[in-house]
$ cat model_8.txt   # compact mmCIF, C-alpha atoms
# COMPACT_ATOMS: atom_id res chain seq x y z
CA GLN A 1 107.23 71.15 127.57
CA GLU A 2 106.87 71.91 131.28
CA PHE A 3 103.10 72.07 130.88
CA ARG A 4 103.06 68.67 129.19
CA ARG A 5 105.22 67.12 131.95
CA ASN A 6 102.96 68.50 134.68
CA LYS A 7 99.88 67.22 132.89
CA LYS A 8 101.42 63.75 132.60
CA ASN A 9 102.32 63.74 136.31
CA GLY A 10 98.84 64.82 137.36
CA CYS A 11 99.74 68.39 138.35
CA ARG A 12 97.13 71.09 138.01
CA THR A 13 99.44 73.74 136.59
CA THR A 14 97.57 75.62 133.85
CA MET A 15 99.02 76.77 130.55
CA PHE A 16 98.79 80.38 131.69
CA GLN A 17 100.63 79.59 134.93
CA THR A 18 103.41 77.98 132.91
CA MET A 19 103.57 81.00 130.59
CA LYS A 20 103.56 83.27 133.63
CA ARG A 21 106.52 81.42 135.16
CA ASN A 22 108.39 81.65 131.87
CA ALA A 23 107.72 85.38 131.83
CA LEU A 24 109.36 85.61 135.26
CA TYR A 25 112.45 83.87 133.94
CA TYR A 26 112.66 86.26 130.99
CA ALA A 27 112.20 89.25 133.29
CA LEU A 28 115.03 88.02 135.55
CA LEU A 29 117.29 87.52 132.53
CA TYR A 30 116.48 91.04 131.35
CA CYS A 31 117.55 92.55 134.66
CA LEU A 32 120.76 90.53 134.79
CA THR A 33 121.76 91.77 131.35
CA ASN A 34 120.93 95.40 132.19
CA LEU A 35 122.87 95.88 135.41
CA PRO A 36 124.70 99.23 135.64
CA SER A 37 128.09 97.56 135.92
CA ASN A 38 130.04 96.08 133.01
CA GLU A 39 130.55 92.98 135.16
CA ALA A 40 126.99 91.69 134.66
CA PHE A 41 128.19 88.18 133.91
CA THR A 42 131.02 88.01 136.45
CA PRO A 43 130.62 86.47 139.93
CA ILE A 44 128.52 88.66 142.21
CA SER A 45 130.62 90.66 144.61
CA THR A 46 129.80 92.76 147.66
CA HIS A 47 129.59 95.96 145.65
CA GLN A 48 127.18 94.55 143.03
CA ARG A 49 124.03 92.65 143.90
CA CYS A 50 120.74 91.78 142.22
CA ALA A 51 117.78 91.17 144.51
CA PHE A 52 114.76 89.16 143.38
CA ALA A 53 111.82 90.26 145.49
CA PRO A 54 108.39 88.97 144.55
CA SER A 55 105.48 90.04 146.69
CA PRO A 56 103.39 87.13 148.05
CA ARG A 57 100.12 88.88 147.27
CA SER A 58 101.04 90.76 144.11
CA SER A 59 101.94 89.92 140.53
CA VAL A 60 104.53 92.71 140.53
CA ILE A 61 108.13 91.52 140.71
CA ALA A 62 110.82 93.95 141.81
CA PHE A 63 114.48 93.70 140.83
CA SER A 64 117.18 95.89 142.30
CA SER A 65 120.87 96.27 141.71
CA SER A 66 123.21 98.45 143.69
CA SER A 67 126.71 99.79 143.50
CA PRO A 68 128.59 102.60 145.27
CA GLU A 69 127.82 104.91 142.35
CA GLU A 70 124.13 104.27 141.71
CA LYS A 71 121.12 102.16 142.51
CA ASN A 72 118.53 101.02 139.95
CA ASN A 73 115.14 99.52 140.72
CA ILE A 74 113.02 97.71 138.16
CA ALA A 75 109.47 96.50 138.69
CA ILE A 76 107.63 94.28 136.22
CA ASP A 77 103.92 93.47 136.41
CA VAL A 78 103.54 89.98 134.96
CA ASP A 79 99.77 90.48 134.67
CA SER A 80 100.15 93.65 132.60
CA GLU A 81 98.41 93.81 129.22
CA GLU A 82 101.70 94.65 127.50
CA LEU A 83 103.38 91.48 128.77
CA LYS A 84 100.38 89.34 127.88
CA GLU A 85 100.35 90.79 124.36
CA ALA A 86 104.08 90.08 123.99
CA VAL A 87 103.58 86.46 125.03
CA GLU A 88 100.62 86.04 122.67
CA GLN A 89 102.26 87.83 119.70
CA PRO A 90 102.22 85.55 116.64
CA ASN A 91 105.49 84.44 115.09
CA ILE A 92 105.55 86.53 111.92
CA LEU A 93 108.30 84.52 110.23
CA GLU A 94 106.48 81.22 110.79
CA THR A 95 103.23 82.74 109.50
CA GLN A 96 104.91 84.05 106.36
CA THR A 97 106.65 80.71 105.78
CA SER A 98 103.35 78.83 106.03
CA LEU A 99 101.74 81.25 103.60
CA LEU A 100 104.60 80.95 101.11
CA THR A 101 104.39 77.16 101.31
CA ILE A 102 100.76 77.31 100.18
CA ALA A 103 101.63 79.87 97.50
CA SER A 104 104.45 77.77 96.00
CA SER A 105 102.53 74.49 96.08
CA SER A 106 99.44 76.00 94.42
CA ASP A 107 101.12 78.06 91.65
CA ARG A 108 100.46 81.41 93.36
CA GLY A 109 96.96 80.31 94.31
CA GLN A 110 95.85 79.33 90.79
CA CYS A 111 95.61 75.63 91.73
CA ALA A 112 94.72 76.07 95.40
CA THR A 113 92.13 73.77 96.94
CA THR A 114 89.34 75.09 99.13
CA ALA A 115 91.26 74.01 102.22
CA GLU A 116 94.42 75.77 101.02
CA ARG A 117 92.51 78.96 100.26
CA THR A 118 90.94 78.89 103.72
CA ALA A 119 94.30 78.34 105.40
CA ALA A 120 95.95 81.08 103.34
CA ALA A 121 93.14 83.51 104.17
CA ALA A 122 93.63 82.87 107.91
CA LEU A 123 97.39 83.39 107.65
CA ILE A 124 96.89 86.62 105.70
CA VAL A 125 94.49 87.96 108.33
CA THR A 126 97.04 87.12 111.05
CA LEU A 127 99.68 89.16 109.24
CA GLU A 128 97.28 92.03 108.61
CA GLU A 129 96.32 92.15 112.30
CA SER A 130 99.99 92.32 113.27
CA ASN A 131 100.68 95.22 110.90
CA SER A 132 101.94 98.26 112.79
CA ASN A 133 102.49 100.48 109.75
CA THR A 134 99.39 102.65 109.54
CA SER A 135 100.59 104.66 106.52
CA PRO A 136 102.34 102.12 104.26
CA THR A 137 101.79 103.94 100.96
CA THR A 138 103.79 106.93 102.22
CA ASP A 139 106.62 104.73 103.51
CA SER A 140 109.70 104.57 101.27
CA THR A 141 109.90 100.83 102.00
CA ILE A 142 107.04 100.28 99.57
CA GLU A 143 109.09 101.57 96.64
CA GLY A 144 110.83 98.93 94.52
CA THR A 145 110.09 95.80 92.50
CA TRP A 146 107.46 93.42 93.92
CA GLU A 147 106.76 89.94 92.52
CA LEU A 148 103.25 88.54 92.94
CA LEU A 149 103.45 85.43 95.15
CA TYR A 150 99.81 84.61 95.89
CA SER A 151 96.29 85.75 95.08
CA ASP A 152 92.79 84.47 95.71
CA THR A 153 91.66 85.69 92.28
CA GLN A 154 92.96 85.81 88.70
CA LEU A 155 96.58 87.00 88.70
CA PHE A 156 96.01 89.58 85.97
CA ARG A 157 93.59 91.45 88.21
CA SER A 158 96.63 92.89 89.98
CA SER A 159 97.01 95.12 86.90
CA PRO A 160 95.71 98.69 87.26
CA PHE A 161 94.00 98.18 83.88
CA PHE A 162 91.70 95.49 85.29
CA MET A 163 91.23 97.37 88.56
CA ALA A 164 90.08 100.37 86.54
CA GLY A 165 87.71 98.11 84.61
CA ARG A 166 86.18 96.92 87.88
CA ALA A 167 85.84 100.52 89.13
CA VAL A 168 83.62 101.34 86.16
CA CYS A 169 80.99 98.91 87.48
CA ALA A 170 78.33 100.94 89.24
CA THR A 171 76.24 98.15 90.79
CA GLU A 172 76.81 94.82 92.53
CA GLU A 173 75.26 93.03 89.58
CA GLU A 174 77.72 94.68 87.19
CA ALA A 175 80.57 93.70 89.51
CA LYS A 176 79.47 90.05 89.40
CA GLN A 177 79.32 90.23 85.62
CA TYR A 178 82.84 91.63 85.58
CA ASP A 179 84.06 88.77 87.80
CA TRP A 180 82.50 86.30 85.35
CA PHE A 181 84.14 88.06 82.42
CA CYS A 182 87.58 87.83 84.10
CA ASP A 183 87.08 84.11 84.78
CA MET A 184 86.09 83.49 81.16
CA HIS A 185 89.02 85.59 79.96
CA ARG A 186 91.40 83.27 81.81
CA GLU A 187 89.64 80.16 80.48
CA ALA A 188 89.95 81.47 76.94
CA LEU A 189 93.70 81.89 77.48
CA ALA A 190 94.16 78.45 79.09
CA ILE A 191 96.64 77.52 76.36
CA SER A 192 98.96 80.26 77.61
CA ARG A 193 101.42 80.01 80.49
CA ILE A 194 101.68 82.90 82.92
CA GLY A 195 105.23 83.87 83.81
CA LYS A 196 106.36 86.64 86.11
CA VAL A 197 103.73 89.01 87.46
CA ARG A 198 105.12 92.07 89.16
CA GLN A 199 104.45 95.63 90.26
CA ILE A 200 107.20 98.24 90.13
CA ILE A 201 106.45 101.07 92.53
CA SER A 202 108.01 104.53 92.57
CA SER A 203 106.93 107.55 94.60
CA ALA A 204 104.12 108.46 92.19
CA ARG A 205 103.95 105.69 89.57
CA MET A 206 102.94 102.03 89.35
CA THR A 207 104.04 99.78 86.49
CA SER A 208 102.43 96.34 86.20
CA GLU A 209 104.26 93.70 84.14
CA PHE A 210 102.41 90.52 83.21
CA GLU A 211 104.60 88.07 81.29
CA VAL A 212 103.01 85.30 79.25
CA LYS A 213 104.01 82.56 76.82
CA VAL A 214 101.89 80.55 74.36
CA GLY A 215 102.71 77.72 71.96
CA SER A 216 102.97 79.10 68.42
CA VAL A 217 102.44 75.81 66.54
CA PRO A 218 100.12 73.70 68.71
CA PHE A 219 98.29 70.44 67.96
CA LEU A 220 100.39 69.14 65.05
CA PRO A 221 98.08 66.16 64.27
CA ASP A 222 95.36 68.62 63.27
CA PHE A 223 97.52 70.07 60.51
CA THR A 224 100.11 67.43 59.62
CA PRO A 225 100.31 63.65 59.21
CA PHE A 226 102.75 63.41 62.14
CA ALA A 227 101.53 61.19 64.98
CA TYR A 228 102.75 63.55 67.65
CA SER A 229 100.41 64.67 70.40
CA GLY A 230 101.94 68.07 71.05
CA GLY A 231 103.23 71.04 69.08
CA LEU A 232 106.61 72.42 68.18
CA PRO A 233 108.78 73.85 70.99
CA VAL A 234 108.40 77.32 69.53
CA THR A 235 106.61 79.93 71.63
CA ILE A 236 105.20 83.42 71.36
CA GLU A 237 106.06 85.49 74.38
CA GLY A 238 105.72 89.03 75.63
CA ALA A 239 104.74 91.17 78.58
CA ILE A 240 101.54 93.17 78.98
CA VAL A 241 102.70 96.37 80.68
CA SER A 242 100.24 98.75 82.33
CA THR A 243 101.18 102.06 83.90
CA ALA A 244 99.24 104.31 86.26
CA ASP A 245 99.71 107.29 88.53
CA ILE A 246 99.31 106.51 92.23
CA THR A 247 98.29 109.00 94.92
CA PRO A 248 98.25 108.03 98.61
CA THR A 249 94.88 108.46 100.28
CA ARG A 250 94.54 110.83 103.22
CA SER A 251 95.04 107.98 105.70
CA GLY A 252 98.13 106.73 103.86
CA SER A 253 96.81 103.15 103.88
CA ALA A 254 95.89 103.00 100.19
CA TRP A 255 96.51 104.46 96.73
CA GLU A 256 94.11 106.11 94.37
CA ILE A 257 95.05 104.70 90.96
CA PHE A 258 94.71 106.72 87.76
CA MET A 259 95.21 104.38 84.81
CA ASP A 260 97.43 105.69 82.00
CA THR A 261 98.71 103.34 79.25
CA VAL A 262 98.85 99.68 78.18
CA GLU A 263 101.48 98.27 75.84
CA ILE A 264 103.20 95.04 74.82
CA LYS A 265 106.91 94.80 75.60
CA GLY A 266 109.44 92.07 74.89
CA SER A 267 107.45 90.48 72.07
CA ASN A 268 109.48 87.86 70.21
CA ILE A 269 107.39 88.07 67.01
CA PRO A 270 109.48 89.39 64.07
CA PHE A 271 108.43 92.76 62.58
CA LEU A 272 105.68 93.19 65.19
CA ARG A 273 108.37 93.79 67.81
CA GLN A 274 109.72 96.76 65.87
CA ILE A 275 106.24 98.27 65.57
CA LEU A 276 105.55 97.83 69.28
CA ASP A 277 108.92 99.24 70.28
CA ASN A 278 108.23 102.38 68.24
CA GLY A 279 105.65 103.52 70.78
CA LEU A 280 102.44 101.65 69.89
CA LYS A 281 100.32 101.63 73.03
CA LEU A 282 96.77 102.04 74.25
CA LYS A 283 96.34 105.43 75.92
CA SER A 284 93.43 104.50 78.14
CA ARG A 285 93.48 107.81 80.03
CA ASP A 286 93.00 109.75 76.81
CA LEU A 287 90.21 107.37 75.85
CA GLY A 288 88.58 107.92 79.23
CA THR A 289 88.81 111.69 78.83
CA PHE A 290 87.11 111.40 75.44
CA LEU A 291 84.30 109.35 76.99
CA GLU A 292 83.91 111.87 79.82
CA GLU A 293 83.35 114.61 77.29
CA ASN A 294 80.87 112.66 75.18
CA VAL A 295 79.06 110.22 77.48
CA ASN A 296 76.76 111.41 80.23
CA ASP A 297 77.59 110.33 83.79
CA TYR A 298 80.92 108.80 82.78
CA THR A 299 84.08 109.67 84.71
CA ASN A 300 87.57 108.29 84.46
CA PRO A 301 87.75 105.48 87.05
CA LYS A 302 90.17 105.87 89.95
CA PRO A 303 90.09 102.60 91.93
CA ILE A 304 91.40 102.33 95.49
CA PHE A 305 94.16 99.78 96.11
CA GLU A 306 94.78 99.23 99.82
CA THR A 307 97.96 97.98 101.49
CA THR A 308 97.08 96.01 104.61
CA TYR A 309 100.54 94.70 105.53
CA LEU A 310 104.06 95.92 104.78
CA ASP A 311 107.53 94.98 105.90
CA ASN A 312 110.92 94.93 104.17
CA ASN A 313 110.16 91.68 102.31
CA MET A 314 106.40 91.24 102.00
CA ARG A 315 103.41 93.37 101.04
CA ILE A 316 99.74 92.43 101.20
CA SER A 317 97.27 94.51 99.18
CA ARG A 318 93.54 94.34 98.52
CA ASP A 319 91.40 95.78 95.74
CA GLN A 320 88.04 97.45 96.24
CA ASP A 321 86.31 94.06 96.60
CA GLY A 322 88.80 92.78 99.16
CA LYS A 323 90.52 90.42 96.74
CA VAL A 324 94.00 89.81 98.08
CA PHE A 325 97.43 90.04 96.44
CA VAL A 326 100.58 88.98 98.30
CA TYR A 327 103.88 90.36 96.97
CA GLY A 328 107.53 89.67 97.73
CA LYS A 329 110.10 92.42 97.31
CA THR A 330 112.95 91.41 94.99
CA SER A 331 114.82 94.72 94.74
CA ASP A 332 114.67 98.47 95.30
CA VAL A 333 114.64 99.11 91.53
CA THR A 334 111.86 101.51 90.51
CA GLU A 335 112.50 101.50 86.76
CA PRO A 336 110.37 99.25 84.47
CA THR A 337 111.94 96.24 82.73
CA THR A 338 113.33 97.08 79.28
CA TYR A 339 113.12 93.53 77.77
CA SER A 340 115.96 94.48 75.45
CA ASN A 341 117.48 91.02 75.85
CA VAL A 342 114.49 89.28 74.22
CA ASP A 343 115.13 88.34 70.55
CA SER A 344 112.31 88.75 68.03
CA ASP A 345 112.64 85.27 66.53
CA MET A 346 109.81 83.36 68.26
CA GLY A 347 112.44 81.33 70.06
CA VAL A 348 113.72 79.66 66.88
CA THR A 349 117.33 80.71 67.51
CA ARG A 350 117.24 79.20 71.00
CA LEU A 351 115.66 76.03 69.59
CA LEU A 352 118.35 75.60 66.90
CA GLU A 353 121.11 76.24 69.43
CA GLY A 354 119.64 73.54 71.64
CA ILE A 355 119.45 71.03 68.78
CA ASN A 356 123.07 71.69 67.84
CA ASP A 357 124.34 71.51 71.43
CA SER A 358 122.44 68.30 72.17
CA ILE A 359 122.66 66.41 68.88
CA PHE A 360 124.96 67.72 66.12
CA LYS A 361 127.57 69.47 68.28
CA PHE A 362 128.85 71.42 65.30
CA TYR A 363 130.81 74.54 66.26
CA ILE A 364 132.77 77.04 64.23

$ encode --input "model_8.txt" --output "structure tokens"
Amino acid sequence: QEFRRNKKNGCRTTMFQTMKRNALYYALLYCLTNLPSNEAFTPISTHQRCAFAPSPRSSVIAFSSSSPEEKNNIAIDVDSEELKEAVEQPNILETQTSLLTIASSSDRGQCATTAERTAAAALIVTLEESNSNTSPTTDSTIEGTWELLYSDTQLFRSSPFFMAGRAVCATEEEAKQYDWFCDMHREALAISRIGKVRQIISSARMTSEFEVKVGSVPFLPDFTPFAYSGGLPVTIEGAIVSTADITPTRSGSAWEIFMDTVEIKGSNIPFLRQILDNGLKLKSRDLGTFLEENVNDYTNPKPIFETTYLDNNMRISRDQDGKVFVYGKTSDVTEPTTYSNVDSDMGVTRLLEGINDSIFKFYI
């Protein structure tokens, strides 16, 4: 504000000079609140003084306070690199808020425009550059339940299953083909609605949960004489759950992921739910071991998943191609979701309850 007033009045005060003056004020306030006496905010007496002594030819400002018991001297160089870095430090909370605004308005990045993607990328880089945790994957803060908030690629690629699939690609051309396959996979499932996408991290294990819903009786006019443009409000739902072992790299900035199993949990399809709950799952690690023993030059893939930013509430990770995934921590729980509260009735019970509560209102 001072800079704007000076500019309006024709003064030649520069932005840096204004920032420098503000730094002096903050330095003075620091000294006043750190005097040796408990009477720092009482009227100054003869036995307690604070002297402000700037040198006319130096950027070093000296503060002194004295008492009969002790004397403290403090000198602050306003041109020091540390002070300049403190003044120029980005506001992390504002940066995170701006990023979350883009994430929420674009459905976690799925509907983001080019401008939104560019803005989000810049905000993410700002957070990554401010990251002071050099070994995030060995930090206990990273353990817990993390919801996916934003990504610049398909959301399901946060699963260790799809990261392992990418790691199998040996050339850049194969990687491009894999990207195309993932895009077409999402297009083929356009009728589905993606729900929660989360990673549950423990000290040595990652569980990826990808919840999805799809209409079970779509496009009624194609099968019935009813002139209704949609389908019945009955859905098939479930969660694709992938598990993997995670090992911190030597630097502690990333994990080496060793894919283990894939299964469907929380299915609401009658009879199929019972089969799935009895332990039906794809043991991809065993399949990979079989291929290693029978296919030349094949090894079980172990992709690298890097964490580039970590605090108590947010984590930013990147896969081997630099694709970004922004997570928000919702709890310290490290156990996978049980989905025991999901009924295997394709949502019919919930539908009938809604009809009764809204229309018939018949209760026993």

$ atom_distance --input "model_8.txt" --atom1 "atom CA of Thr137 of chain A" --atom2 "atom CA of Gly322 of chain A"
17.2 Å

$ atom_distance --input "model_8.txt" --atom1 "atom CA of Thr338 of chain A" --atom2 "atom CA of Lys281 of chain A"
15.1 Å

$ closest_residue --input "model_8.txt" --among "A:Glu147, A:Ser208, A:Gly238, A:Ser132" --to "Asp311 of chain A" --atoms "all atoms listed in the file"
A:Ser132

$ residues_around --input "model_8.txt" --residues "segment 263-272 of chain A" --least-positions-apart "6" --cutoff "6 Å" --atoms "all atoms listed in the file" --output "number ranges by chain"
A: 237-241, 281, 339, 342-346

$ atom_distance --input "model_8.txt" --atom1 "atom CA of Thr95 of chain A" --atom2 "atom CA of Ile200 of chain A"
25.1 Å

$ closest_residue --input "model_8.txt" --among "A:Thr235, A:Thr307, A:Asn278, A:Asn296" --to "Gly347 of chain A" --atoms "all atoms listed in the file"
A:Thr235

$ closest_residue --input "model_8.txt" --among "A:Ile142, A:Asn131, A:Gln154, A:Arg198" --to "Cys111 of chain A" --atoms "all atoms listed in the file"
A:Gln154

$ closest_residue --input "model_8.txt" --among "A:Gln96, A:Ser151, A:Thr145, A:Ser202" --to "Ser317 of chain A" --atoms "only C-alpha atoms"
A:Ser151

$ closest_residue --input "model_8.txt" --among "A:Asp183, A:Glu209, A:Ala170, A:Ala204" --to "Thr299 of chain A" --atoms "only C-alpha atoms"
A:Ala170

$ closest_residue --input "model_8.txt" --among "A:Gly252, A:Asp277, A:Ser358, A:Arg350" --to "Asp139 of chain A" --atoms "all atoms listed in the file"
A:Gly252

$ residues_around --input "model_8.txt" --residues "Phe258 of chain A" --least-positions-apart "5" --cutoff "12 Å" --atoms "all atoms listed in the file" --output "number ranges by chain"
A: 159-165, 167, 204-207, 242-248, 284-286, 288-289, 299-305

$ residues_around --input "model_8.txt" --residues "Cys182 of chain A" --least-positions-apart "2" --cutoff "10 Å" --atoms "all atoms listed in the file" --output "PyMOL selection string"
chain A and resi 153-154+156-157+162+166+176-180+184-188

$ write_last_selection --input "model_8.txt" --atoms "C-alpha atoms" --output "JSON list (two decimals), keeping the file's coordinate frame"
[["chain", "number", "residue", "atom", "x", "y", "z"],
["A", 153, "THR", "CA", 91.66, 85.69, 92.28],
["A", 154, "GLN", "CA", 92.96, 85.81, 88.70],
["A", 156, "PHE", "CA", 96.01, 89.58, 85.97],
["A", 157, "ARG", "CA", 93.59, 91.45, 88.21],
["A", 162, "PHE", "CA", 91.70, 95.49, 85.29],
["A", 166, "ARG", "CA", 86.18, 96.92, 87.88],
["A", 176, "LYS", "CA", 79.47, 90.05, 89.40],
["A", 177, "GLN", "CA", 79.32, 90.23, 85.62],
["A", 178, "TYR", "CA", 82.84, 91.63, 85.58],
["A", 179, "ASP", "CA", 84.06, 88.77, 87.80],
["A", 180, "TRP", "CA", 82.50, 86.30, 85.35],
["A", 184, "MET", "CA", 86.09, 83.49, 81.16],
["A", 185, "HIS", "CA", 89.02, 85.59, 79.96],
["A", 186, "ARG", "CA", 91.40, 83.27, 81.81],
["A", 187, "GLU", "CA", 89.64, 80.16, 80.48],
["A", 188, "ALA", "CA", 89.95, 81.47, 76.94]]

$ decode --input "model_8.txt" --residues "segment 95-104 of chain A" --atoms "all heavy atoms" --output "compact mmCIF listing (two decimals), in the first residue's frame"
# COMPACT_ATOMS: atom_id res chain seq x y z
N THR A 95 -1.32 -20.74 -2.00
CA THR A 95 -1.01 -21.58 -3.17
C THR A 95 -1.85 -22.85 -3.15
O THR A 95 -2.41 -23.25 -4.18
CB THR A 95 0.49 -21.93 -3.18
OG1 THR A 95 1.26 -20.74 -3.16
CG2 THR A 95 0.83 -22.74 -4.43
N GLN A 96 -1.94 -23.49 -1.99
CA GLN A 96 -2.75 -24.70 -1.89
C GLN A 96 -4.23 -24.41 -2.14
O GLN A 96 -4.92 -25.19 -2.81
CB GLN A 96 -2.57 -25.32 -0.51
CG GLN A 96 -1.19 -25.91 -0.28
CD GLN A 96 -1.03 -26.53 1.10
OE1 GLN A 96 -1.75 -26.17 2.03
NE2 GLN A 96 -0.10 -27.46 1.24
N THR A 97 -4.71 -23.28 -1.62
CA THR A 97 -6.12 -22.92 -1.84
C THR A 97 -6.41 -22.70 -3.31
O THR A 97 -7.45 -23.16 -3.82
CB THR A 97 -6.46 -21.65 -1.04
OG1 THR A 97 -6.23 -21.88 0.36
CG2 THR A 97 -7.92 -21.27 -1.23
N SER A 98 -5.52 -22.04 -4.01
CA SER A 98 -5.71 -21.81 -5.45
C SER A 98 -5.72 -23.13 -6.22
O SER A 98 -6.52 -23.32 -7.13
CB SER A 98 -4.60 -20.89 -5.98
OG SER A 98 -4.63 -19.63 -5.35
N LEU A 99 -4.83 -24.04 -5.82
CA LEU A 99 -4.78 -25.34 -6.48
C LEU A 99 -6.05 -26.14 -6.22
O LEU A 99 -6.61 -26.76 -7.13
CB LEU A 99 -3.55 -26.12 -5.98
CG LEU A 99 -3.37 -27.55 -6.51
CD1 LEU A 99 -3.31 -27.56 -8.04
CD2 LEU A 99 -2.12 -28.18 -5.92
N LEU A 100 -6.53 -26.11 -4.99
CA LEU A 100 -7.75 -26.85 -4.65
C LEU A 100 -8.98 -26.26 -5.34
O LEU A 100 -9.92 -26.99 -5.65
CB LEU A 100 -7.95 -26.86 -3.13
CG LEU A 100 -6.90 -27.63 -2.33
CD1 LEU A 100 -7.17 -27.52 -0.84
CD2 LEU A 100 -6.86 -29.09 -2.75
N THR A 101 -8.97 -24.96 -5.58
CA THR A 101 -10.07 -24.34 -6.31
C THR A 101 -10.16 -24.89 -7.73
O THR A 101 -11.24 -25.23 -8.23
CB THR A 101 -9.89 -22.81 -6.35
OG1 THR A 101 -9.89 -22.30 -5.02
CG2 THR A 101 -11.01 -22.15 -7.15
N ILE A 102 -9.00 -25.01 -8.38
CA ILE A 102 -8.96 -25.59 -9.73
C ILE A 102 -9.39 -27.05 -9.69
O ILE A 102 -10.16 -27.53 -10.53
CB ILE A 102 -7.56 -25.45 -10.34
CG1 ILE A 102 -7.20 -23.98 -10.53
CG2 ILE A 102 -7.47 -26.20 -11.68
CD1 ILE A 102 -5.78 -23.74 -11.01
N ALA A 103 -8.91 -27.78 -8.69
CA ALA A 103 -9.23 -29.20 -8.57
C ALA A 103 -10.73 -29.43 -8.40
O ALA A 103 -11.32 -30.30 -9.05
CB ALA A 103 -8.47 -29.81 -7.40
N SER A 104 -11.36 -28.63 -7.55
CA SER A 104 -12.79 -28.83 -7.27
C SER A 104 -13.66 -28.40 -8.44
O SER A 104 -14.71 -28.99 -8.70
CB SER A 104 -13.19 -28.07 -6.00
OG SER A 104 -12.95 -26.68 -6.16
